[in-house]
Amino acid sequence: MSSTITVRVPAKVNVQLAVGGRRADGFHGLASVFFAVGLYDEVTVTPSDRLTVSVAGADAAAVPADRSNLAARAAVLLGARYGITPEVHLHIDKGIPVAGGMAGGSADAAAALVGCDALWGTGAHPAALAEIAAELGSDVPFSLLGGVALGEGRGELLTPVPTGGTFHWVFAVADGGLSTPAVYGECDRLRDLDGGSADTDLPVPTADPALLEALRTGDATALGAALSNDLQPAALSLRPALAATLRAGADAGAIGTLVSGSGPTCAFLTKDAPSAAALAATLTTSGTCRTAHPAAGPVPGATVLY
Ligand code: ATP
């Protein structure tokens with residue numbers, strides 16, 4: 001067995017994020033179509049005399065380098081389940097925007113589960129890893145699975161969604177993040193203002209058949225038309241400047257635009273890889289975002305590289 005394991009794990013965008021009412025446990029019922037894209041973090045797990053964390057990458061300063069890091073919590077939970085003291089160093093190389101609505105912390109937790117499982121020879125069944133992942137956070141099971149999947153419940157009950165090809169995206173990264181709980185809170189506030197209720201009288205959300213069909217047939221134009229995110233009004237309310245980012249991408253020819261998850265990263269669908277590269281270059285110099293990256297998908301979930 002190798003004494004160091006490096007795991008690569010992708011970011012996600014929700015191509016549909018339908019938010020139902022608040023449940024008794026405080027979570028919202030969701031129909032979330034997760035889509036894994038080729039923007040990655042790498043987590044390297046090395047034996048150590050105690051549990052330590054280091055973080056590298058553009059946003060490293062915004063990520064806790066201690067046991068509160070979601071990757072460290074994953075190592076502790078896996079160790080507890082198998083009677084192993086988690087004496088590892090976790091090094092996280094971040095390529096996924098931090099607090100960007102792309103599940104970066106969840107990705108690192110999934111990578112730590114896979115890396116520690118490999119290092120310790122735990123041989124955990126995928127279902128056991130998925131159960132531990134769901135304890136860590138609603139998005140962690142999808143970071144293990146990758147591809148495209150419908151998440152129901154609070155997003156953790158996954159059903160793989162078949163796809164008919166590769167889609168080409170651009171992600172515009174904002175300066176500074178948005179807190180996911182704050183965005184859900186704003187979503188509830190806007191719904192209350194609207195005269196509706198943020199609570200149980202909202203219907204249980206379901207996946208959009210037109211969106212699933214576009215994914216199945218690999219039809220980028222149809223997918224672009226079907227993209228939807230119920231958190232987008234809340235993200236725009238908290239960060240009005242995102243409207244200019246979305247407009248810049250649409251004006252530059254994106255065939256679909258939306259805020260990624262709870263934001264503030266904005267996602268743009270394009271028809272092919274050259275269009276994505278050109279749009280990323282245009283957005284990067286548009287003055288409406290910090291930077292923009294092309295990324296294709298779907299891609300696999302957390303995977304041991306070496
Ligand atoms: P989601 O899309 O799942 O709502 P996000 O992508 O918006 O999440 P994250 O990048 O996961 O947000 O970060 C949210 C917060 O979690 C950060 O502000 C950070 O303080 C904390 N955090 C803990 N561990 C990590 C980690 N490994 N990587 C990034 N953030 C982490």
# chains A, B, ... in the order shown; residues from 1 in each chain; ligands from 1
>>> residues_near_ligand(ligand="ligand 1", cutoff="7 Å", atoms="only C-alpha atoms and all ligand atoms", output="list in words")
Ala62, Val63, Pro64, Ser68, Asn69, Leu70, Ala71, Pro97, Val98, Ala99, Gly100, Gly101, Met102, Ala103, Gly104, Gly105, Ser106, Asp108, Ala109, Asp139, Leu178, Ser179, Thr180, Gly261, Ser262 and Gly263 of chain A
>>> select_by_dssp(residues="region 90-233 of chain A", states="strand (DSSP E)", output="MDAnalysis selection string")
chainID A and resid 90:93 148:152 157:160 167:173 228:229
>>> closest_residue(among="A:His293, A:Lys271, A:Arg154, A:Arg73", to="Leu39 (chain A)", atoms="only C-alpha atoms")
A:His293
>>> closest_residue(among="A:His89, A:Lys94, A:Arg50, A:His168", to="Gly38 (chain A)", atoms="only C-alpha atoms")
A:His168
>>> residues_around(residues="region 181-188 of chain A", least_positions_apart="2", cutoff="7 Å", atoms="only C-alpha atoms", output="ChimeraX atom specification")
/A:179,190-192,198,231,234-235,262
>>> closest_residue(among="A:Ile132, A:Ala252, A:Val37, A:Ala61", to="Val76 (chain A)", atoms="only C-alpha atoms")
A:Ile132
>>> atom_distance(atom1="CA of Thr163 (chain A)", atom2="CA of Ala124 (chain A)")
28.0 Å
>>> closest_residue(among="A:Val43, A:Leu246, A:Val53, A:Ala65", to="Cys116 (chain A)", atoms="only C-alpha atoms")
A:Val43
>>> residues_around(residues="Ala243 (chain A)", least_positions_apart="3", cutoff="12 Å", atoms="only C-alpha atoms", output="list in words")
Ala174, Gln232, Pro233, Ala234, Ala235, Leu236, Ser237, Leu238, Arg239, Pro240, Leu246, Arg247, Ala248, Gly249, Ala250, Thr257, Leu258, Val259, Gly263, Pro264, Thr265, Cys266, Thr288 and Cys289 of chain A
>>> select_by_dssp(residues="region 17-261 of chain A", states="helix (DSSP H, G or I)", output="number ranges by chain")
A: 60-62, 70-82, 104-120, 126-136, 140-145, 180-193, 209-217, 220-226, 232-238, 242-251
>>> atom_distance(atom1="CA of Thr221 (chain A)", atom2="CA of Gly253 (chain A)")
11.7 Å
>>> decode(residues="region 243-278 of chain A", atoms="N, CA and C atoms", output="PDB file, in the first residue's frame")
ATOM      1  N   ALA A 243     -26.121  40.328 -11.288  1.00  0.00           N
ATOM      2  CA  ALA A 243     -26.972  40.534 -12.471  1.00  0.00           C
ATOM      3  C   ALA A 243     -26.109  40.959 -13.660  1.00  0.00           C
ATOM      4  N   ALA A 244     -25.105  41.790 -13.395  1.00  0.00           N
ATOM      5  CA  ALA A 244     -24.228  42.255 -14.475  1.00  0.00           C
ATOM      6  C   ALA A 244     -23.374  41.103 -15.011  1.00  0.00           C
ATOM      7  N   THR A 245     -22.960  40.204 -14.129  1.00  0.00           N
ATOM      8  CA  THR A 245     -22.169  39.037 -14.560  1.00  0.00           C
ATOM      9  C   THR A 245     -23.009  38.163 -15.484  1.00  0.00           C
ATOM     10  N   LEU A 246     -24.253  37.887 -15.044  1.00  0.00           N
ATOM     11  CA  LEU A 246     -25.131  37.030 -15.853  1.00  0.00           C
ATOM     12  C   LEU A 246     -25.398  37.690 -17.207  1.00  0.00           C
ATOM     13  N   ARG A 247     -25.623  39.006 -17.200  1.00  0.00           N
ATOM     14  CA  ARG A 247     -25.898  39.722 -18.455  1.00  0.00           C
ATOM     15  C   ARG A 247     -24.673  39.669 -19.370  1.00  0.00           C
ATOM     16  N   ALA A 248     -23.483  39.837 -18.809  1.00  0.00           N
ATOM     17  CA  ALA A 248     -22.261  39.826 -19.635  1.00  0.00           C
ATOM     18  C   ALA A 248     -22.122  38.482 -20.340  1.00  0.00           C
ATOM     19  N   GLY A 249     -22.423  37.385 -19.631  1.00  0.00           N
ATOM     20  CA  GLY A 249     -22.323  36.063 -20.252  1.00  0.00           C
ATOM     21  C   GLY A 249     -23.366  35.859 -21.330  1.00  0.00           C
ATOM     22  N   ALA A 250     -24.595  36.315 -21.057  1.00  0.00           N
ATOM     23  CA  ALA A 250     -25.671  36.174 -22.052  1.00  0.00           C
ATOM     24  C   ALA A 250     -25.335  37.009 -23.290  1.00  0.00           C
ATOM     25  N   ASP A 251     -24.862  38.242 -23.076  1.00  0.00           N
ATOM     26  CA  ASP A 251     -24.522  39.124 -24.205  1.00  0.00           C
ATOM     27  C   ASP A 251     -23.389  38.530 -25.036  1.00  0.00           C
ATOM     28  N   ALA A 252     -22.499  37.769 -24.389  1.00  0.00           N
ATOM     29  CA  ALA A 252     -21.344  37.188 -25.096  1.00  0.00           C
ATOM     30  C   ALA A 252     -21.688  35.830 -25.719  1.00  0.00           C
ATOM     31  N   GLY A 253     -22.968  35.437 -25.685  1.00  0.00           N
ATOM     32  CA  GLY A 253     -23.384  34.269 -26.469  1.00  0.00           C
ATOM     33  C   GLY A 253     -23.634  32.986 -25.713  1.00  0.00           C
ATOM     34  N   ALA A 254     -23.657  33.020 -24.359  1.00  0.00           N
ATOM     35  CA  ALA A 254     -23.969  31.790 -23.607  1.00  0.00           C
ATOM     36  C   ALA A 254     -25.370  31.308 -23.982  1.00  0.00           C
ATOM     37  N   ILE A 255     -25.544  29.985 -24.059  1.00  0.00           N
ATOM     38  CA  ILE A 255     -26.863  29.446 -24.408  1.00  0.00           C
ATOM     39  C   ILE A 255     -27.684  29.120 -23.159  1.00  0.00           C
ATOM     40  N   GLY A 256     -27.116  29.360 -21.993  1.00  0.00           N
ATOM     41  CA  GLY A 256     -27.850  29.219 -20.741  1.00  0.00           C
ATOM     42  C   GLY A 256     -27.034  29.886 -19.653  1.00  0.00           C
ATOM     43  N   THR A 257     -27.708  30.539 -18.710  1.00  0.00           N
ATOM     44  CA  THR A 257     -26.997  31.209 -17.618  1.00  0.00           C
ATOM     45  C   THR A 257     -27.737  30.926 -16.322  1.00  0.00           C
ATOM     46  N   LEU A 258     -26.999  30.758 -15.247  1.00  0.00           N
ATOM     47  CA  LEU A 258     -27.634  30.714 -13.919  1.00  0.00           C
ATOM     48  C   LEU A 258     -26.582  30.882 -12.826  1.00  0.00           C
ATOM     49  N   VAL A 259     -27.070  31.247 -11.650  1.00  0.00           N
ATOM     50  CA  VAL A 259     -26.213  31.265 -10.468  1.00  0.00           C
ATOM     51  C   VAL A 259     -26.015  29.813 -10.051  1.00  0.00           C
ATOM     52  N   SER A 260     -24.789  29.450  -9.690  1.00  0.00           N
ATOM     53  CA  SER A 260     -24.485  28.081  -9.280  1.00  0.00           C
ATOM     54  C   SER A 260     -24.867  27.885  -7.810  1.00  0.00           C
ATOM     55  N   GLY A 261     -25.838  27.009  -7.545  1.00  0.00           N
ATOM     56  CA  GLY A 261     -26.242  26.725  -6.164  1.00  0.00           C
ATOM     57  C   GLY A 261     -26.603  27.994  -5.418  1.00  0.00           C
ATOM     58  N   SER A 262     -25.968  28.198  -4.259  1.00  0.00           N
ATOM     59  CA  SER A 262     -26.253  29.389  -3.465  1.00  0.00           C
ATOM     60  C   SER A 262     -25.395  30.577  -3.898  1.00  0.00           C
ATOM     61  N   GLY A 263     -24.597  30.416  -4.963  1.00  0.00           N
ATOM     62  CA  GLY A 263     -23.775  31.507  -5.471  1.00  0.00           C
ATOM     63  C   GLY A 263     -22.573  31.775  -4.581  1.00  0.00           C
ATOM     64  N   PRO A 264     -21.802  32.793  -4.946  1.00  0.00           N
ATOM     65  CA  PRO A 264     -22.002  33.769  -6.026  1.00  0.00           C
ATOM     66  C   PRO A 264     -21.404  33.378  -7.377  1.00  0.00           C
ATOM     67  N   THR A 265     -20.831  32.158  -7.505  1.00  0.00           N
ATOM     68  CA  THR A 265     -20.300  31.773  -8.816  1.00  0.00           C
ATOM     69  C   THR A 265     -21.455  31.727  -9.825  1.00  0.00           C
ATOM     70  N   CYS A 266     -21.221  32.258 -11.032  1.00  0.00           N
ATOM     71  CA  CYS A 266     -22.230  32.194 -12.094  1.00  0.00           C
ATOM     72  C   CYS A 266     -21.784  31.166 -13.133  1.00  0.00           C
ATOM     73  N   ALA A 267     -22.768  30.389 -13.624  1.00  0.00           N
ATOM     74  CA  ALA A 267     -22.484  29.313 -14.579  1.00  0.00           C
ATOM     75  C   ALA A 267     -23.081  29.667 -15.926  1.00  0.00           C
ATOM     76  N   PHE A 268     -22.323  29.388 -16.976  1.00  0.00           N
ATOM     77  CA  PHE A 268     -22.753  29.673 -18.346  1.00  0.00           C
ATOM     78  C   PHE A 268     -22.563  28.418 -19.181  1.00  0.00           C
ATOM     79  N   LEU A 269     -23.596  28.035 -19.893  1.00  0.00           N
ATOM     80  CA  LEU A 269     -23.500  26.884 -20.793  1.00  0.00           C
ATOM     81  C   LEU A 269     -23.180  27.388 -22.190  1.00  0.00           C
ATOM     82  N   THR A 270     -22.282  26.666 -22.876  1.00  0.00           N
ATOM     83  CA  THR A 270     -21.927  27.047 -24.250  1.00  0.00           C
ATOM     84  C   THR A 270     -22.112  25.822 -25.144  1.00  0.00           C
ATOM     85  N   LYS A 271     -21.979  26.006 -26.473  1.00  0.00           N
ATOM     86  CA  LYS A 271     -22.301  24.879 -27.350  1.00  0.00           C
ATOM     87  C   LYS A 271     -21.121  23.926 -27.544  1.00  0.00           C
ATOM     88  N   ASP A 272     -19.883  24.409 -27.355  1.00  0.00           N
ATOM     89  CA  ASP A 272     -18.728  23.521 -27.528  1.00  0.00           C
ATOM     90  C   ASP A 272     -17.508  24.077 -26.776  1.00  0.00           C
ATOM     91  N   ALA A 273     -16.402  23.317 -26.821  1.00  0.00           N
ATOM     92  CA  ALA A 273     -15.215  23.713 -26.044  1.00  0.00           C
ATOM     93  C   ALA A 273     -14.610  25.039 -26.520  1.00  0.00           C
ATOM     94  N   PRO A 274     -14.479  25.279 -27.849  1.00  0.00           N
ATOM     95  CA  PRO A 274     -13.929  26.576 -28.269  1.00  0.00           C
ATOM     96  C   PRO A 274     -14.792  27.758 -27.802  1.00  0.00           C
ATOM     97  N   SER A 275     -16.123  27.579 -27.835  1.00  0.00           N
ATOM     98  CA  SER A 275     -17.012  28.665 -27.367  1.00  0.00           C
ATOM     99  C   SER A 275     -16.792  28.920 -25.880  1.00  0.00           C
ATOM    100  N   ALA A 276     -16.579  27.840 -25.108  1.00  0.00           N
ATOM    101  CA  ALA A 276     -16.352  28.006 -23.672  1.00  0.00           C
ATOM    102  C   ALA A 276     -15.041  28.764 -23.426  1.00  0.00           C
ATOM    103  N   ALA A 277     -13.992  28.411 -24.167  1.00  0.00           N
ATOM    104  CA  ALA A 277     -12.704  29.096 -23.986  1.00  0.00           C
ATOM    105  C   ALA A 277     -12.845  30.580 -24.317  1.00  0.00           C
ATOM    106  N   ALA A 278     -13.563  30.878 -25.414  1.00  0.00           N
ATOM    107  CA  ALA A 278     -13.730  32.277 -25.823  1.00  0.00           C
ATOM    108  C   ALA A 278     -14.567  33.042 -24.800  1.00  0.00           C
TER     109      ALA A 278
END
